[in-house]
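Peer 1: The file below is data-v8.cif, mmCIF, C-alpha atoms:
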```
data_upload
loop_
_atom_site.label_atom_id
_atom_site.label_comp_id
_atom_site.auth_asym_id
_atom_site.auth_seq_id
_atom_site.Cartn_x
_atom_site.Cartn_y
_atom_site.Cartn_z
CA MET A 11 96.46 77.54 72.24
CA ALA A 12 98.33 76.79 74.96
CA ASP A 13 97.81 78.96 74.46
CA SER A 14 97.74 78.03 70.93
CA ASN A 15 95.29 80.55 69.50
CA SER A 16 96.22 82.31 66.33
CA VAL A 17 99.73 83.40 67.08
CA GLY A 18 102.48 81.54 65.30
CA ALA A 19 106.21 81.30 65.06
CA ASP A 20 108.24 82.54 62.16
CA GLU A 21 108.82 79.52 59.94
CA ARG A 22 111.93 81.02 58.40
CA LEU A 23 113.71 80.65 61.71
CA GLU A 24 113.21 76.91 62.08
CA PRO A 25 112.61 74.45 59.23
CA ASP A 26 113.50 71.22 61.11
CA PRO A 27 110.81 68.53 61.05
CA ILE A 28 108.85 67.75 64.18
CA PHE A 29 107.41 64.30 64.71
CA VAL A 30 104.15 63.42 66.41
CA VAL A 31 104.16 60.02 68.10
CA ASP A 32 100.82 58.53 69.08
CA ASP A 33 101.31 55.39 71.15
CA LEU A 34 98.05 53.55 71.73
CA ARG A 35 97.54 50.40 73.78
CA LEU A 36 94.35 48.83 72.45
CA ARG A 37 91.82 46.69 74.22
CA ALA A 38 91.76 43.02 73.25
CA GLY A 39 90.20 42.42 69.86
CA GLN A 40 89.99 46.11 68.97
CA LEU A 41 92.70 46.38 66.32
CA GLU A 42 90.40 46.24 63.30
CA PRO A 43 87.67 48.52 64.72
CA PHE A 44 90.31 51.07 65.69
CA LEU A 45 92.06 51.00 62.32
CA GLU A 46 88.72 51.35 60.52
CA ALA A 47 87.70 54.33 62.65
CA PHE A 48 91.13 55.91 62.26
CA GLU A 49 90.91 55.74 58.46
CA ALA A 50 87.27 56.78 58.29
CA ARG A 51 87.16 59.52 60.89
CA TYR A 52 90.62 60.89 61.64
CA ARG A 53 93.39 60.45 59.09
CA VAL A 54 92.11 62.69 56.31
CA GLY A 55 91.30 65.57 58.66
CA ALA A 56 94.65 65.27 60.41
CA GLU A 57 96.50 65.42 57.11
CA ALA A 58 94.47 68.47 56.11
CA ARG A 59 95.63 70.14 59.34
CA GLY A 60 99.25 69.48 58.43
CA GLN A 61 100.07 66.10 60.00
CA ARG A 62 101.73 63.88 57.43
CA LEU A 63 101.31 60.19 58.30
CA LEU A 64 104.65 58.39 58.02
CA GLN A 65 103.92 55.02 59.61
CA VAL A 66 101.25 52.94 61.27
CA LEU A 67 103.03 50.27 63.32
CA VAL A 68 101.33 47.33 65.06
CA HIS A 69 102.70 45.26 67.91
CA PRO A 70 102.76 42.32 68.14
CA PRO A 71 103.08 42.04 64.38
CA THR A 72 100.59 39.21 64.06
CA ARG A 73 96.87 38.49 64.26
CA ALA A 74 97.53 34.91 65.33
CA LEU A 75 97.87 35.72 69.04
CA ASP A 76 94.88 36.46 71.23
CA VAL A 77 96.53 39.40 72.99
CA PRO A 78 95.85 43.14 72.92
CA HIS A 79 97.67 45.07 70.23
CA SER A 80 99.51 48.33 70.46
CA VAL A 81 99.59 50.83 67.62
CA VAL A 82 102.10 53.58 66.99
CA LEU A 83 101.06 56.37 64.64
CA LEU A 84 104.08 58.33 63.45
CA TRP A 85 103.39 61.72 61.92
CA GLN A 86 105.47 64.65 60.78
CA VAL A 87 104.68 68.35 60.83
CA ASP A 88 106.67 71.05 59.09
CA GLY A 89 108.54 72.68 61.93
CA ILE A 90 107.17 74.98 64.56
CA ALA A 91 104.86 76.74 62.13
CA GLY A 92 103.49 73.32 61.19
CA PHE A 93 102.88 72.53 64.85
CA TRP A 94 100.90 75.73 65.39
CA GLY A 95 99.09 75.08 62.13
CA VAL A 96 97.80 71.83 63.62
CA ARG A 97 97.01 73.40 66.96
CA SER A 98 95.11 76.28 65.46
CA GLN A 99 92.76 73.80 63.75
CA ASN A 100 92.37 70.82 66.09
CA ALA A 101 89.96 72.20 68.68
CA THR A 102 86.93 70.91 66.82
CA GLU A 103 84.05 68.74 67.92
CA ASP A 104 84.97 66.04 65.37
CA VAL A 105 88.52 65.73 66.69
CA VAL A 106 87.48 65.74 70.32
CA ARG A 107 84.74 63.18 69.63
CA PHE A 108 87.12 60.85 67.79
CA TRP A 109 89.55 60.70 70.72
CA ARG A 110 86.71 60.44 73.22
CA ASP A 111 85.34 57.45 71.30
CA CYS A 112 88.81 55.93 71.16
CA ASP A 113 89.16 56.19 74.91
CA ALA A 114 85.66 54.78 75.44
CA GLN A 115 85.70 51.93 72.93
CA TRP A 116 89.04 50.78 71.56
CA VAL A 117 91.95 52.21 73.52
CA GLU A 118 93.07 51.13 76.97
CA SER A 119 95.64 53.90 77.30
CA ARG A 120 97.49 56.26 75.00
CA THR A 121 100.09 58.98 74.84
CA ARG A 122 100.93 61.63 72.28
CA ARG A 123 104.40 63.11 72.22
CA TYR A 124 106.06 65.72 70.05
CA ALA A 125 109.62 64.74 69.26
CA ALA A 126 112.56 65.61 67.04
CA SER A 127 115.86 64.19 65.87
CA PRO A 128 118.76 64.77 68.30
CA ALA A 129 120.45 66.69 65.50
CA SER A 130 117.53 69.12 65.44
CA LEU A 131 117.63 70.01 69.13
CA PRO A 132 120.19 72.86 68.88
CA ALA A 133 118.19 74.51 66.10
CA LEU A 134 114.89 74.02 67.94
CA ASP A 135 116.32 75.41 71.17
CA ALA A 136 117.71 78.39 69.30
CA ALA A 137 114.55 79.01 67.29
CA GLY A 138 112.97 82.32 67.99
CA ARG A 139 115.53 83.43 70.55
CA VAL A 140 115.34 87.02 69.43
CA ASN A 141 114.93 88.38 72.97
CA ALA A 142 117.32 86.17 74.93
CA MET B 12 101.05 73.93 95.46
CA SER B 13 99.20 76.34 97.69
CA GLY B 14 98.42 79.87 96.67
CA ASP B 15 99.08 82.95 98.76
CA ALA B 16 96.53 85.72 98.41
CA ALA B 17 98.25 88.66 96.80
CA LEU B 18 97.37 92.31 97.01
CA ALA B 19 96.95 92.51 93.25
CA PHE B 20 93.81 92.53 91.14
CA VAL B 21 93.67 91.81 87.44
CA VAL B 22 90.50 92.92 85.73
CA GLN B 23 89.32 92.23 82.20
CA VAL B 24 87.17 95.09 81.03
CA GLY B 25 84.55 94.85 78.30
CA LEU B 26 83.69 98.14 76.63
CA ALA B 27 80.48 99.31 75.03
CA SER B 28 80.35 98.73 71.30
CA GLY B 29 81.00 101.59 68.95
CA LEU B 30 83.89 103.17 70.83
CA ASP B 31 86.72 104.26 68.58
CA SER B 32 90.37 103.82 69.49
CA ARG B 33 90.57 107.30 71.04
CA ASP B 34 87.55 106.53 73.27
CA ARG B 35 89.06 103.22 74.30
CA GLU B 36 92.35 104.83 75.25
CA ALA B 37 90.42 107.47 77.20
CA VAL B 38 88.55 104.79 79.15
CA ALA B 39 91.85 103.07 79.94
CA ARG B 40 93.31 106.33 81.27
CA GLY B 41 90.11 106.99 83.21
CA LEU B 42 90.11 103.55 84.83
CA ALA B 43 93.76 103.89 85.81
CA GLU B 44 93.02 107.24 87.44
CA ALA B 45 89.83 105.99 89.12
CA GLY B 46 91.78 103.06 90.52
CA ARG B 47 94.48 105.31 91.94
CA ALA B 48 91.77 107.36 93.63
CA LEU B 49 90.29 104.32 95.40
CA GLU B 50 91.08 104.24 99.10
CA GLY B 51 93.83 101.73 99.82
CA VAL B 52 94.98 101.35 96.21
CA VAL B 53 98.68 102.11 95.73
CA SER B 54 99.01 101.26 92.01
CA SER B 55 96.60 101.24 89.09
CA HIS B 56 97.27 100.68 85.40
CA ALA B 57 94.94 100.04 82.47
CA SER B 58 95.71 99.38 78.84
CA VAL B 59 93.78 98.45 75.70
CA HIS B 60 94.46 94.98 74.32
CA LEU B 61 96.55 94.59 71.20
CA ASP B 62 94.93 93.10 68.10
CA LEU B 63 96.79 89.82 68.58
CA SER B 64 94.62 89.11 71.63
CA VAL B 65 92.08 86.31 71.26
CA GLY B 66 89.08 85.30 73.35
CA GLY B 67 89.21 88.07 75.92
CA LEU B 68 87.54 91.40 76.57
CA ASP B 69 88.84 94.83 75.53
CA LEU B 70 91.37 95.97 78.09
CA THR B 71 93.25 94.88 81.18
CA TRP B 72 93.10 96.88 84.40
CA ASP B 73 95.70 96.02 87.06
CA LEU B 74 95.48 97.28 90.62
CA ARG B 75 97.51 96.75 93.77
CA ALA B 76 96.18 97.34 97.27
CA ARG B 77 98.21 98.65 100.19
CA ASP B 78 97.43 95.76 102.53
CA GLU B 79 95.02 92.91 103.09
CA ASP B 80 92.28 95.06 104.64
CA ALA B 81 92.43 97.45 101.71
CA ALA B 82 92.42 94.53 99.28
CA ARG B 83 89.21 93.18 100.79
CA ARG B 84 87.54 96.58 100.44
CA VAL B 85 88.69 96.95 96.85
CA GLU B 86 87.45 93.48 96.01
CA THR B 87 84.03 94.25 97.47
CA ARG B 88 83.71 97.50 95.53
CA LEU B 89 84.82 95.99 92.23
CA ALA B 90 82.45 93.06 92.60
CA GLN B 91 79.38 95.22 93.22
CA ALA B 92 77.03 95.69 90.30
CA ASP B 93 77.10 99.47 90.71
CA GLY B 94 80.71 99.64 91.88
CA LEU B 95 82.04 101.42 88.83
CA ALA B 96 79.09 103.80 88.66
CA GLU B 97 79.87 104.76 92.22
CA PHE B 98 83.57 105.56 91.94
CA ALA B 99 83.92 106.31 88.22
CA PRO B 100 80.49 107.55 87.09
CA ASP B 101 81.80 109.16 83.90
CA LEU B 102 83.10 105.77 82.72
CA ALA B 103 80.12 103.63 83.64
CA SER B 104 78.25 104.14 80.37
CA ARG B 105 81.28 103.05 78.36
CA VAL B 106 82.12 99.97 80.42
CA GLU B 107 79.81 96.99 80.00
CA ARG B 108 81.56 94.25 81.91
CA LEU B 109 84.25 93.61 84.48
CA GLU B 110 85.83 90.25 85.18
CA VAL B 111 87.71 90.68 88.43
CA GLY B 112 90.52 88.28 89.26
CA ARG B 113 92.32 88.37 92.58
CA PRO B 114 95.36 86.15 92.06
CA CYS B 115 96.47 83.66 94.70
CA VAL B 116 100.07 83.40 93.62
CA LEU B 117 101.53 79.92 93.11
CA ALA B 118 104.86 81.17 91.78
CA SER B 119 106.33 84.35 90.38
CA GLY B 120 109.59 85.82 89.18
CA VAL B 121 111.04 89.26 88.52
CA ARG B 122 114.14 89.21 86.34
CA HIS B 123 113.79 92.76 85.11
CA PRO B 124 112.43 95.05 87.84
CA GLY B 125 111.01 98.23 86.42
CA LEU B 126 110.40 96.81 82.95
CA VAL B 127 107.80 98.77 81.01
CA GLY B 128 107.00 96.46 78.14
CA ILE B 129 104.22 94.21 76.92
CA LYS B 130 102.03 92.46 79.46
CA ARG B 131 100.49 89.21 78.34
CA THR B 132 97.74 87.60 80.42
CA LEU B 133 96.31 84.16 79.79
CA TRP B 134 92.99 83.54 81.55
CA LEU B 135 92.16 79.86 81.68
CA ARG B 136 89.77 77.44 83.29
CA VAL B 137 90.77 74.00 84.47
CA GLU B 138 88.02 71.48 83.73
CA PRO B 139 86.00 70.80 86.89
CA LEU B 140 86.40 67.03 86.54
CA ALA B 141 90.13 67.09 85.85
CA PRO B 142 92.02 64.67 88.15
CA ALA B 143 93.56 66.50 91.11
CA GLU B 144 96.98 64.97 90.57
CA ALA B 145 97.00 66.11 86.94
CA VAL B 146 96.02 69.64 87.96
CA ALA B 147 98.79 69.66 90.56
CA ARG B 148 101.31 68.64 87.91
CA PHE B 149 100.01 71.26 85.49
CA GLU B 150 100.42 73.89 88.20
CA GLN B 151 103.97 72.75 88.87
CA GLU B 152 104.98 72.67 85.22
CA THR B 153 103.68 76.02 83.98
CA PRO B 154 106.52 78.01 85.61
CA LEU B 155 109.00 75.86 83.65
CA LEU B 156 108.17 78.11 80.72
CA ALA B 157 109.67 81.07 82.54
CA ASP B 158 112.85 79.06 83.17
CA ALA B 159 113.12 78.01 79.53
CA ILE B 160 112.20 81.28 77.82
CA PRO B 161 114.49 84.18 78.73
CA ALA B 162 112.24 86.63 76.88
CA ILE B 163 109.77 86.21 79.77
CA ARG B 164 111.30 88.88 81.96
CA ASN B 165 108.74 88.95 84.76
CA TRP B 166 105.91 86.55 85.47
CA ARG B 167 103.20 85.48 87.87
CA TRP B 168 101.29 82.18 87.96
CA SER B 169 98.17 82.17 90.06
CA ARG B 170 94.97 80.49 90.97
CA LEU B 171 91.82 82.57 90.86
CA PRO B 172 89.43 81.89 93.72
CA ALA B 173 85.99 80.89 92.51
CA ARG B 174 83.39 83.59 92.34
CA GLY B 175 80.55 81.78 90.68
CA SER B 176 77.63 84.16 90.84
CA GLY B 177 76.79 87.84 91.10
CA PRO B 178 78.16 90.75 89.11
CA GLY B 179 81.77 89.85 89.85
CA ALA B 180 81.40 86.23 88.75
CA ILE B 181 84.26 84.74 86.77
CA ARG B 182 84.60 81.41 85.05
CA TRP B 183 88.39 81.37 85.16
CA THR B 184 90.45 79.28 87.60
CA HIS B 185 94.03 80.34 86.75
CA LEU B 186 95.96 83.31 85.48
CA TRP B 187 99.33 83.14 83.68
CA GLU B 188 100.88 86.60 83.36
CA GLN B 189 104.15 87.55 81.73
CA GLU B 190 106.03 90.71 80.80
CA PHE B 191 108.13 90.93 77.64
CA GLU B 192 110.27 93.77 76.40
CA ALA B 193 108.50 93.75 73.05
CA VAL B 194 105.70 91.98 71.22
CA ASP B 195 108.06 89.59 69.44
CA GLY B 196 109.11 88.23 72.83
CA LEU B 197 105.60 86.80 72.97
CA GLN B 198 104.97 86.18 69.31
CA VAL B 199 108.34 84.66 68.45
CA ASP B 200 110.35 83.62 71.52
CA TYR B 201 107.41 82.29 73.52
CA MET B 202 105.62 80.58 70.65
CA SER B 203 108.83 79.06 69.24
CA SER B 204 110.09 77.50 72.45
CA PRO B 205 110.08 73.68 72.45
CA ALA B 206 109.35 73.87 76.18
CA HIS B 207 106.05 75.46 75.17
CA TRP B 208 104.84 73.59 72.09
CA GLY B 209 106.68 70.34 72.82
CA TYR B 210 105.94 69.95 76.51
CA VAL B 211 103.65 72.29 78.46
CA ASP B 212 101.11 72.67 75.65
CA ARG B 213 99.87 69.13 76.28
CA TRP B 214 97.76 70.44 79.16
CA PHE B 215 95.88 72.55 76.61
CA ASP B 216 95.83 70.33 73.50
CA PRO B 217 92.40 68.74 72.87
CA GLU B 218 94.09 65.68 71.34
CA MET B 219 96.21 64.96 74.38
CA PRO B 220 94.95 62.58 77.06
CA GLU B 221 96.62 64.82 79.64
CA ARG B 222 94.58 67.93 78.75
CA VAL B 223 93.02 69.58 81.81
CA VAL B 224 92.36 73.09 80.46
CA ASP B 225 89.04 74.14 78.94
CA LEU B 226 89.38 75.01 75.25
CA TRP B 227 87.89 78.46 75.80
CA LEU B 228 90.80 80.72 76.77
CA ALA B 229 91.38 84.44 76.92
CA HIS B 230 94.81 85.32 75.53
CA THR B 231 95.38 89.04 75.93
CA ALA B 232 98.34 91.36 75.57
CA CYS B 233 98.67 95.09 76.04
CA PRO B 234 101.41 97.72 76.14
CA GLU B 235 102.40 99.03 79.54
CA SER B 236 103.00 102.57 80.68
CA GLU B 237 104.44 101.46 84.01
CA PRO B 238 106.06 98.28 85.38
CA VAL B 239 103.05 96.24 86.52
CA LEU B 240 104.49 92.83 87.45
CA SER B 241 107.36 94.39 89.37
CA TRP B 242 105.12 96.74 91.34
CA GLY B 243 106.39 96.63 94.87
CA ALA B 244 109.53 94.66 93.95
CA ALA B 245 111.78 97.23 95.63
CA GLU B 246 109.66 97.03 98.80
CA ARG B 247 109.85 93.22 98.79
CA VAL B 248 113.63 93.30 98.43
CA ALA B 249 113.88 95.88 101.20
#
```
Kindly return the structure encoded in the file as structure tokens.
Peer 2:
Amino acid sequence: MADSNSVGADERLEPDPIFVVDDLRLRAGQLEPFLEAFEARYRVGAEARGQRLLQVLVHPPTRALDVPHSVVLLWQVDGIAGFWGVRSQNATEDVVRFWRDCDAQWVESRTRRYAASPASLPALDAAGRVNA
Amino acid sequence: MSGDAALAFVVQVGLASGLDSRDREAVARGLAEAGRALEGVVSSHASVHLDLSVGGLDLTWDLRARDEDAARRVETRLAQADGLAEFAPDLASRVERLEVGRPCVLASGVRHPGLVGIKRTLWLRVEPLAPAEAVARFEQETPLLADAIPAIRNWRWSRLPARGSGPGAIRWTHLWEQEFEAVDGLQVDYMSSPAHWGYVDRWFDPEMPERVVDLWLAHTACPESEPVLSWGAAERVA
């Protein structure tokens, strides 16, 4: 946990979707090796933890240029309970090793951000405010 | 951020196996009394951890020394292998382990002086190879949680000076303490806040490139019988 541990929020209070945005800048020529490793070593486990893959986006959208690609992985989790469901299961050696190998072999730099629709912000900010 | 040595001690206590809940409560009361009897200690409180706690020992013992000289003496006694046997001999057979933290406070806040509620303590260890600038940012950002989550009534964010060997050795580098009025302040308000899961948690998440915190944490919470994080608040205001 962030304290993630086993504690979790009350899902009934906040059903709005939360998106996970992985933005990866790959090293030159590493698009195919990364995509193969992602499918073989990460995607299935992530979905089992509660991340639903919505999109894999590649920039530039061509293989005809000899330039490094960027990849955006767009996921969705089911609200705050879905977030903590992921976090309570992702501290495993397989997950840590996958990202370590990414950083060592295919990825120049990356970010992961949790995000939501602007329309969801009031509900997210109000979620769980039982002791305000 | 630089930490100022406080007069407080926060101790995780590991109990002998086989103690029932009545024994555990008795040890907590005994430690609180033994602490109050120590020369130079002005406040002492001990409480058994709630079941929601994960990764820590069995109870939390908080102490506050009168002044810096007294704090040094208390620290020496607590860190000695036979310290407890010396000043609380009737408890020594039921206490197996002490992890003594002396917080160097980076930031703190008291919004509800005198609150007797639930004290949550997160013991954590920043990875030794974490980049200094990332650690500095992590230290600056953690108090944002107190700003964003009104249910955190009182709080203290501290470094723990290294004590790497000997009976008082600890592996922890930081301590994040909060007081809530009730358990759901921690379980619902704190865990639901987007400032927590959507921002500050990245320092802890093993999938985040920013992570600096070791995955082995001690998340503990216990009910209070006196207002621990606002000890001395009236004196500080005066």
Peer 1: Using only C-alpha atoms, which residue out of B:Glu237, B:Asp62, B:Glu144, B:Asp78 lies closest to chain A?
Peer 2: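 For chain A, the nearest of the candidates is B:Asp62.
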Peer 1: Going by the chain IDs and residue numbers used in this file, which residues fall under the PyMOL selection byres ((chain B) within 7 of (chain A))? Write them as a PyMOL selection string.
Peer 2: chain B and resi 65+161-162+196+198-200+202-205+209+212+215+217-220
Peer 1: Which residue, B:Gly125, B:Gly66, B:Pro142, B:Gly41, has the smallest gap to Pro100 (chain B) when you use all atoms listed in the file?
Peer 2: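 Checking each candidate against Pro100 (chain B), we get B:Gly41 as the closest.
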Peer 1: Kindly give the distance, in Å, that separates CA of Ser80 (chain A) and CA of Ala56 (chain A), rounded to a single decimal.
Peer 2: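 Going from CA of Ser80 (chain A) over to CA of Ala56 (chain A), I get 20.3 Å.
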Peer 1: Tell me, in Å to one decimal, how far CA of Thr132 (chain B) is from CA of Arg77 (chain B).
Peer 2: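 These two atoms are separated by 22.7 Å.
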